[in-house]
$ cat start.cif   # mmCIF, C-alpha atoms
data_final
loop_
_atom_site.label_atom_id
_atom_site.label_comp_id
_atom_site.auth_asym_id
_atom_site.auth_seq_id
_atom_site.Cartn_x
_atom_site.Cartn_y
_atom_site.Cartn_z
CA MET A 1 -5.36 14.71 28.64
CA GLU A 2 -8.60 12.87 29.34
CA ARG A 3 -7.91 9.53 31.00
CA LEU A 4 -9.53 6.21 30.20
CA GLU A 5 -9.00 3.80 33.09
CA LEU A 6 -8.63 0.22 31.91
CA SER A 7 -7.11 -2.96 33.29
CA ASP A 8 -3.49 -3.76 32.48
CA GLU A 9 -4.38 -7.44 31.91
CA ARG A 10 -4.44 -7.50 28.13
CA MET A 11 -2.44 -9.11 25.37
CA THR A 12 0.08 -7.28 23.18
CA SER A 13 0.70 -8.60 19.67
CA ILE A 14 4.02 -7.65 18.08
CA VAL A 15 4.32 -8.04 14.31
CA ILE A 16 7.68 -8.05 12.54
CA ILE A 17 8.55 -8.66 8.88
CA GLU A 18 10.94 -11.37 7.77
CA TYR A 19 12.47 -11.30 4.30
CA ASN A 20 15.44 -13.67 4.09
CA SER A 21 16.51 -12.29 7.46
CA LEU A 22 16.24 -15.03 10.06
CA GLU A 23 19.20 -13.59 11.96
CA ASP A 24 17.04 -10.54 12.71
CA VAL A 25 14.27 -12.81 13.97
CA ASP A 26 16.82 -14.49 16.25
CA GLY A 27 17.83 -11.10 17.66
CA PHE A 28 14.27 -9.97 18.22
CA VAL A 29 13.26 -13.22 19.90
CA ALA A 30 16.28 -12.99 22.22
CA SER A 31 15.51 -9.38 23.18
CA LEU A 32 11.87 -10.25 23.78
CA ALA A 33 12.85 -13.15 26.01
CA SER A 34 15.13 -10.91 28.08
CA SER A 35 12.41 -8.27 28.48
CA TYR A 36 9.63 -10.77 29.18
CA PRO A 37 11.07 -13.89 30.89
CA SER A 38 8.14 -16.12 29.80
CA PRO A 39 6.47 -14.38 26.83
CA SER A 40 4.70 -17.49 25.55
CA GLN A 41 2.90 -18.59 28.69
CA VAL A 42 1.52 -17.50 32.04
CA ASP A 43 1.53 -19.69 35.14
CA ASP A 44 -2.19 -19.43 35.89
CA GLY A 45 -3.24 -20.62 32.43
CA ARG A 46 -4.50 -17.27 31.11
CA GLU A 47 -3.79 -16.03 27.61
CA PRO A 48 -0.11 -15.03 27.09
CA SER A 49 0.56 -11.32 27.64
CA ILE A 50 2.78 -11.12 24.57
CA GLU A 51 2.54 -12.84 21.22
CA LEU A 52 5.17 -12.44 18.52
CA ILE A 53 4.00 -12.74 14.93
CA VAL A 54 6.58 -13.05 12.16
CA SER A 55 5.08 -12.18 8.79
CA SER A 56 7.38 -13.71 6.19
CA ASN A 57 7.65 -12.33 2.66
CA SER A 58 10.38 -14.86 1.82
CA MET A 59 8.04 -17.31 0.02
CA TYR A 60 9.49 -20.43 1.65
CA ASP A 61 8.28 -23.81 0.45
CA GLU A 62 6.11 -25.96 2.73
CA VAL A 63 9.02 -28.03 4.03
CA ARG A 64 10.91 -24.92 5.12
CA GLN A 65 7.78 -23.46 6.68
CA LYS A 66 7.33 -26.54 8.87
CA GLN A 67 11.00 -26.41 9.87
CA LEU A 68 10.69 -22.78 10.96
CA CYS A 69 7.58 -23.50 13.04
CA VAL A 70 9.56 -26.13 14.93
CA GLN A 71 12.70 -23.98 15.15
CA TYR A 72 10.78 -21.02 16.64
CA PRO A 73 8.15 -22.52 18.95
CA THR A 74 7.28 -19.19 20.61
CA VAL A 75 6.57 -17.49 17.27
CA LYS A 76 3.31 -17.35 15.35
CA TRP A 77 4.32 -17.52 11.68
CA VAL A 78 2.41 -15.99 8.78
CA PHE A 79 3.79 -17.19 5.46
CA ASN A 80 2.78 -14.80 2.70
CA GLU A 81 2.26 -15.89 -0.89
CA LYS A 82 4.28 -12.98 -2.29
CA ASN A 83 6.76 -10.30 -1.34
CA GLY A 84 4.20 -7.54 -1.37
CA GLY A 85 6.29 -5.02 0.52
CA PHE A 86 6.43 -3.72 4.09
CA ALA A 87 2.82 -2.55 4.48
CA TYR A 88 1.46 -5.71 2.86
CA GLY A 89 3.51 -7.94 5.14
CA MET A 90 2.56 -5.99 8.24
CA ASN A 91 -1.12 -6.08 7.37
CA GLU A 92 -1.01 -9.85 6.87
CA GLY A 93 0.56 -10.15 10.30
CA LEU A 94 -1.98 -7.81 11.89
CA LYS A 95 -4.81 -9.94 10.52
CA ALA A 96 -3.44 -12.86 12.55
CA ALA A 97 -2.95 -10.82 15.73
CA GLN A 98 -5.16 -11.55 18.73
CA GLY A 99 -3.94 -8.76 20.99
CA ASP A 100 -5.78 -5.74 22.32
CA THR A 101 -2.55 -3.76 21.83
CA LEU A 102 -0.83 -4.04 18.45
CA VAL A 103 2.80 -3.26 17.63
CA VAL A 104 4.45 -3.12 14.22
CA ALA A 105 8.25 -3.19 14.42
CA ASN A 106 11.30 -3.74 12.28
CA ALA A 107 12.82 -7.17 12.80
CA ASP A 108 16.23 -5.66 13.62
CA VAL A 109 14.85 -3.75 16.59
CA LYS A 110 15.96 -4.95 20.03
CA LEU A 111 13.77 -4.50 23.08
CA ARG A 112 15.58 -3.23 26.17
CA GLN A 113 12.74 -3.38 28.66
CA SER A 114 9.08 -4.19 29.16
CA LEU A 115 6.66 -2.17 27.04
CA GLN A 116 4.28 -1.92 30.00
CA PRO A 117 4.75 1.84 30.71
CA MET A 118 3.98 2.76 27.09
CA THR A 119 1.09 0.30 26.84
CA SER A 120 -0.51 1.68 30.00
CA TYR A 121 -0.06 5.27 28.82
CA LEU A 122 -1.68 4.46 25.47
CA TRP A 123 -4.69 2.78 27.10
CA ASN A 124 -5.09 5.54 29.68
CA HIS A 125 -5.26 8.28 27.03
CA LYS A 126 -7.94 7.48 24.50
CA GLU A 127 -7.08 10.50 22.33
CA ILE A 128 -3.80 8.84 21.33
CA GLY A 129 -3.90 6.81 18.12
CA ILE A 130 -0.26 5.90 17.61
CA ILE A 131 2.57 5.92 20.14
CA GLY A 132 6.27 5.21 19.74
CA PRO A 133 9.28 4.84 22.05
CA LYS A 134 12.63 6.57 22.22
CA ILE A 135 14.95 4.84 19.77
CA VAL A 136 18.70 4.63 20.34
CA ASP A 137 21.49 2.85 18.50
CA ASP A 138 23.92 0.38 20.06
CA GLN A 139 26.00 3.34 21.31
CA ASP A 140 22.95 4.87 23.04
CA ILE A 141 22.81 7.74 20.55
CA ILE A 142 19.22 8.94 20.18
CA GLN A 143 17.88 8.40 16.65
CA ASP A 144 15.66 10.81 14.74
CA SER A 145 12.45 8.80 15.05
CA PHE A 146 9.99 11.64 15.78
CA ARG A 147 9.47 14.00 12.86
CA HIS A 148 7.49 16.71 11.08
CA PHE A 149 5.70 15.82 7.87
CA PHE A 150 7.89 16.44 4.83
CA SER A 151 7.20 19.03 2.17
CA PRO A 152 9.38 18.63 -0.96
CA TRP A 153 11.54 21.54 0.23
CA GLY A 154 11.70 20.17 3.74
CA PHE A 155 12.75 16.78 2.45
CA PHE A 156 15.50 18.38 0.35
CA LYS A 157 16.81 20.36 3.34
CA ARG A 158 16.82 17.20 5.40
CA GLN A 159 19.00 15.39 2.88
CA VAL A 160 21.41 18.32 2.70
CA GLY A 161 21.59 18.42 6.50
CA TRP A 162 22.25 14.68 6.60
CA ILE A 163 25.19 15.10 4.21
CA LYS A 164 26.61 18.12 6.04
CA ASN A 165 26.43 16.34 9.39
CA ARG A 166 27.87 13.10 7.98
CA GLY A 167 24.74 11.11 8.56
CA LYS A 168 23.97 12.44 12.02
CA LEU A 169 20.41 13.68 12.38
CA HIS A 170 19.64 12.84 15.97
CA GLU A 171 16.58 13.43 18.07
CA LYS A 172 16.14 16.07 20.73
CA ASN A 173 16.33 14.40 24.14
CA PHE A 174 12.71 14.67 25.28
CA THR A 175 12.08 13.38 28.79
CA THR A 176 8.26 13.40 28.84
CA PRO A 177 5.63 12.32 26.28
CA VAL A 178 5.06 14.80 23.46
CA SER A 179 2.60 14.97 20.57
CA GLY A 180 3.74 15.60 17.01
CA ASP A 181 3.33 14.75 13.35
CA TRP A 182 4.68 11.23 12.91
CA ILE A 183 6.93 8.53 14.28
CA ILE A 184 8.92 6.13 12.17
CA GLY A 185 7.66 2.66 11.39
CA ALA A 186 10.57 0.95 13.14
CA PHE A 187 8.27 0.74 16.19
CA MET A 188 4.63 1.86 16.34
CA MET A 189 2.04 0.84 18.93
CA VAL A 190 -1.76 1.19 18.62
CA ARG A 191 -4.90 -0.07 20.34
CA ARG A 192 -7.15 -2.49 18.52
CA ASP A 193 -10.02 0.04 18.45
CA PHE A 194 -7.74 2.41 16.51
CA TYR A 195 -6.78 -0.35 14.07
CA GLU A 196 -10.41 -1.30 13.51
CA LYS A 197 -11.42 2.32 12.91
CA VAL A 198 -8.49 3.63 10.85
CA GLY A 199 -7.32 0.37 9.26
CA GLY A 200 -3.83 -1.01 8.81
CA LEU A 201 -0.89 0.36 6.89
CA SER A 202 -1.59 1.67 3.40
CA GLU A 203 -0.50 -0.71 0.66
CA ASP A 204 -0.22 2.23 -1.74
CA TYR A 205 3.47 2.03 -0.77
CA PHE A 206 5.80 -0.92 -1.35
CA MET A 207 8.14 0.45 1.31
CA TYR A 208 8.83 3.85 2.88
CA CYS A 209 6.20 6.46 3.85
CA GLU A 210 3.59 3.94 5.03
CA ASP A 211 4.42 5.12 8.56
CA MET A 212 3.86 8.76 7.61
CA ASP A 213 0.60 7.77 5.94
CA TRP A 214 -0.67 5.87 9.02
CA CYS A 215 0.12 8.86 11.23
CA ARG A 216 -1.54 11.24 8.77
CA ARG A 217 -4.68 9.10 8.79
CA ALA A 218 -4.55 9.09 12.58
CA HIS A 219 -4.61 12.89 12.63
CA LEU A 220 -7.42 13.01 10.07
CA SER A 221 -9.44 10.66 12.28
CA GLY A 222 -9.00 12.93 15.30
CA TYR A 223 -6.19 11.07 17.07
CA GLU A 224 -2.85 12.27 18.41
CA VAL A 225 0.54 10.75 17.58
CA VAL A 226 2.78 10.62 20.64
CA TYR A 227 6.49 10.07 21.26
CA PHE A 228 7.01 8.25 24.57
CA PRO A 229 10.64 8.54 25.76
CA GLU A 230 10.11 6.56 28.96
CA VAL A 231 10.42 3.33 26.97
CA VAL A 232 13.62 2.76 24.97
CA VAL A 233 14.30 0.32 22.13
CA GLU A 234 17.49 -0.19 20.20
CA TYR A 235 17.56 0.29 16.43
CA LYS A 236 19.76 1.89 13.84
CA GLY A 237 18.29 2.14 10.37
CA THR A 238 20.35 1.08 7.40
CA ARG A 239 19.49 4.29 5.49
CA SER A 240 19.18 2.03 2.45
CA SER A 241 17.49 4.71 0.35
CA ARG A 242 20.61 6.86 0.69
CA LYS A 243 23.01 4.05 -0.14
CA ARG A 244 21.45 2.23 -3.08
CA LEU A 245 19.83 3.75 -6.17
CA LYS A 246 17.12 1.07 -6.26
CA TYR A 247 15.85 2.09 -2.82
CA THR A 248 16.29 5.79 -3.55
CA LYS A 249 13.84 5.43 -6.44
CA ILE A 250 11.35 3.53 -4.28
CA HIS A 251 11.61 6.19 -1.56
CA ILE A 252 10.98 9.02 -4.02
CA GLN A 253 8.03 7.16 -5.55
CA SER A 254 6.56 6.69 -2.09
CA LEU A 255 7.01 10.37 -1.22
CA LEU A 256 5.26 11.35 -4.46
CA THR A 257 2.40 9.03 -3.59
CA PHE A 258 2.12 10.59 -0.13
CA TRP A 259 2.10 14.13 -1.52
CA ARG A 260 -0.49 13.22 -4.16
CA LYS A 261 -2.76 11.87 -1.42
CA TYR A 262 -2.35 14.61 1.16
CA GLY A 263 -0.76 17.64 -0.51
CA PHE A 264 2.67 19.20 -0.16
CA HIS A 265 1.99 20.49 3.35
CA ALA A 266 0.34 17.43 4.92
#
$ encode --input "start.cif" --output "structure tokens"
Amino acid sequence: MERLELSDERMTSIVIIEYNSLEDVDGFVASLASSYPSPSQVDDGREPSIELIVSSNSMYDEVRQKQLCVQYPTVKWVFNEKNGGFAYGMNEGLKAAQGDTLVVANADVKLRQSLQPMTSYLWNHKEIGIIGPKIVDDQDIIQDSFRHFFSPWGFFKRQVGWIKNRGKLHEKNFTTPVSGDWIIGAFMMVRRDFYEKVGGLSEDYFMYCEDMDWCRRAHLSGYEVVYFPEVVVEYKGTRSSRKRLKYTKIHIQSLLTFWRKYGFHA
């Protein structure tokens, strides 16, 4: 890969969504603090290396908003006027981000280490548009976060496999970075130049498939999507679309939107 040598002294902005889920914010803040001992300040007075932006779709009143700003002094809050879905909330957070490196993550993710190795790799390889870490659950079981684009038949086979294996569809244990189709939206990192060129997440989706769409647009713009197993985060998805009919319908609607935009073999 062609290398682009840049300084490591740059800010990373992490955006998470909050929707009546302050306990997840607590967990993320705690994991960030353990990975970066002083994320909100640097001793020599420079800009902080990490900023955490919580984009809230909870529609709190002004009194509650002020309380949360006091309760979470290391957080930059974005209070949205509506619950416009995952992509909407992320985009509102990204608009407030000041970092050169941008991360969108689920609020119930837990960092286990510094993101520095992945950040450096992203900045040193300008052909990469989107990069994601290895994701494990709280038992250190590797999650299936690195995937091929779904055709309707491929999606059906995946659901059948999930049932046959009792919900276990785990990732191959890669040990070095590898390029592929898409990584899940639980944790995605990009450079600001990518964001300014390709744009944020597509609000054609209320939830589900906006991660596939972002990766598809990355490929169409000439970028690679890379899985980076040298950085590990903890996350186990709720699989809500498999457990509740409401979310199943939303997931199917989002898949249909994706296929209408890009075809059945995106």
$ resolve_selection --input "start.cif" --expression "the PyMOL selection byres ((chain A and resi 191) around 8)" --output "mmCIF file with C-alpha atoms, keeping the file's coordinate frame"
data_model
loop_
_atom_site.group_PDB
_atom_site.id
_atom_site.type_symbol
_atom_site.label_atom_id
_atom_site.label_comp_id
_atom_site.auth_asym_id
_atom_site.auth_seq_id
_atom_site.Cartn_x
_atom_site.Cartn_y
_atom_site.Cartn_z
ATOM 1 C CA ASP A 100 -5.780 -5.740 22.320
ATOM 2 C CA THR A 101 -2.550 -3.760 21.830
ATOM 3 C CA LEU A 102 -0.830 -4.040 18.450
ATOM 4 C CA LEU A 122 -1.680 4.460 25.470
ATOM 5 C CA TRP A 123 -4.690 2.780 27.100
ATOM 6 C CA GLY A 129 -3.900 6.810 18.120
ATOM 7 C CA MET A 189 2.040 0.840 18.930
ATOM 8 C CA VAL A 190 -1.760 1.190 18.620
ATOM 9 C CA ARG A 192 -7.150 -2.490 18.520
ATOM 10 C CA ASP A 193 -10.020 0.040 18.450
ATOM 11 C CA PHE A 194 -7.740 2.410 16.510
ATOM 12 C CA TYR A 195 -6.780 -0.350 14.070
#
$ resolve_selection --input "start.cif" --expression "the PyMOL selection byres ((chain A and resi 222) around 12)" --output "short mmCIF file (atom, residue, chain, number, x, y, z; two decimals) with C-alpha atoms, keeping the file's coordinate frame"
data_model
loop_
_atom_site.label_atom_id
_atom_site.label_comp_id
_atom_site.auth_asym_id
_atom_site.auth_seq_id
_atom_site.Cartn_x
_atom_site.Cartn_y
_atom_site.Cartn_z
CA LYS A 126 -7.94 7.48 24.50
CA GLU A 127 -7.08 10.50 22.33
CA ILE A 128 -3.80 8.84 21.33
CA GLY A 129 -3.90 6.81 18.12
CA ILE A 130 -0.26 5.90 17.61
CA PHE A 194 -7.74 2.41 16.51
CA LYS A 197 -11.42 2.32 12.91
CA VAL A 198 -8.49 3.63 10.85
CA CYS A 215 0.12 8.86 11.23
CA ARG A 216 -1.54 11.24 8.77
CA ARG A 217 -4.68 9.10 8.79
CA ALA A 218 -4.55 9.09 12.58
CA HIS A 219 -4.61 12.89 12.63
CA LEU A 220 -7.42 13.01 10.07
CA SER A 221 -9.44 10.66 12.28
CA TYR A 223 -6.19 11.07 17.07
CA GLU A 224 -2.85 12.27 18.41
CA VAL A 225 0.54 10.75 17.58
#
$ residues_around --input "start.cif" --residues "A:Asn80" --least-positions-apart "4" --cutoff "8 Å" --atoms "only C-alpha atoms" --output "count of residues only"
7
$ atom_distance --input "start.cif" --atom1 "atom CA of A:Met188" --atom2 "atom CA of A:Ile252"
22.5 Å
$ residues_around --input "start.cif" --residues "A:Phe28" --least-positions-apart "5" --cutoff "10 Å" --atoms "only C-alpha atoms" --output "list of chain:residue names"
A:Ile16, A:Leu22, A:Glu23, A:Ala33, A:Ser34, A:Leu52, A:Ala105, A:Asn106, A:Ala107, A:Asp108, A:Val109, A:Lys110, A:Leu111
$ resolve_selection --input "start.cif" --expression "the PyMOL selection byres ((chain A and resi 182) around 9)" --output "PyMOL selection string"
chain A and resi 130+145-149+179-181+183-184+211-216+225-227
$ build_atoms --input "start.cif" --residues "stretch 201-221 of chain A" --atoms "N, CA and C atoms" --output "short mmCIF file (atom, residue, chain, number, x, y, z; two decimals), keeping the file's coordinate frame"
data_model
loop_
_atom_site.label_atom_id
_atom_site.label_comp_id
_atom_site.auth_asym_id
_atom_site.auth_seq_id
_atom_site.Cartn_x
_atom_site.Cartn_y
_atom_site.Cartn_z
N LEU A 201 -1.79 -0.46 7.69
CA LEU A 201 -0.89 0.36 6.89
C LEU A 201 -1.36 0.40 5.44
N SER A 202 -1.15 1.52 4.78
CA SER A 202 -1.59 1.67 3.40
C SER A 202 -0.67 0.90 2.45
N GLU A 203 -1.27 0.05 1.64
CA GLU A 203 -0.50 -0.71 0.66
C GLU A 203 -0.33 0.05 -0.65
N ASP A 204 -0.59 1.37 -0.61
CA ASP A 204 -0.22 2.23 -1.74
C ASP A 204 1.30 2.33 -1.87
N TYR A 205 2.01 1.93 -0.82
CA TYR A 205 3.47 2.03 -0.77
C TYR A 205 4.06 0.62 -0.68
N PHE A 206 5.10 0.35 -1.49
CA PHE A 206 5.80 -0.92 -1.35
C PHE A 206 6.68 -0.90 -0.10
N MET A 207 7.39 0.19 0.08
CA MET A 207 8.14 0.45 1.31
C MET A 207 8.41 1.95 1.39
N TYR A 208 8.65 2.43 2.56
CA TYR A 208 8.83 3.85 2.88
C TYR A 208 7.49 4.59 2.84
N CYS A 209 7.32 5.51 3.76
CA CYS A 209 6.20 6.46 3.85
C CYS A 209 4.89 5.85 4.34
N GLU A 210 4.82 4.51 4.48
CA GLU A 210 3.59 3.94 5.03
C GLU A 210 3.41 4.35 6.48
N ASP A 211 4.52 4.64 7.17
CA ASP A 211 4.42 5.12 8.56
C ASP A 211 3.88 6.55 8.61
N MET A 212 4.39 7.40 7.71
CA MET A 212 3.86 8.76 7.61
C MET A 212 2.37 8.73 7.30
N ASP A 213 1.99 7.87 6.37
CA ASP A 213 0.60 7.77 5.94
C ASP A 213 -0.30 7.35 7.10
N TRP A 214 0.14 6.35 7.88
CA TRP A 214 -0.67 5.87 9.02
C TRP A 214 -0.86 6.99 10.03
N CYS A 215 0.21 7.74 10.29
CA CYS A 215 0.12 8.86 11.23
C CYS A 215 -0.77 9.97 10.68
N ARG A 216 -0.68 10.21 9.37
CA ARG A 216 -1.54 11.24 8.77
C ARG A 216 -3.00 10.85 8.89
N ARG A 217 -3.30 9.58 8.66
CA ARG A 217 -4.68 9.10 8.79
C ARG A 217 -5.15 9.15 10.25
N ALA A 218 -4.21 8.95 11.16
CA ALA A 218 -4.55 9.09 12.58
C ALA A 218 -5.01 10.51 12.88
N HIS A 219 -4.24 11.49 12.41
CA HIS A 219 -4.61 12.89 12.63
C HIS A 219 -5.95 13.21 11.99
N LEU A 220 -6.17 12.74 10.77
CA LEU A 220 -7.42 13.01 10.07
C LEU A 220 -8.61 12.38 10.77
N SER A 221 -8.37 11.32 11.54
CA SER A 221 -9.44 10.66 12.28
C SER A 221 -9.59 11.21 13.70
#
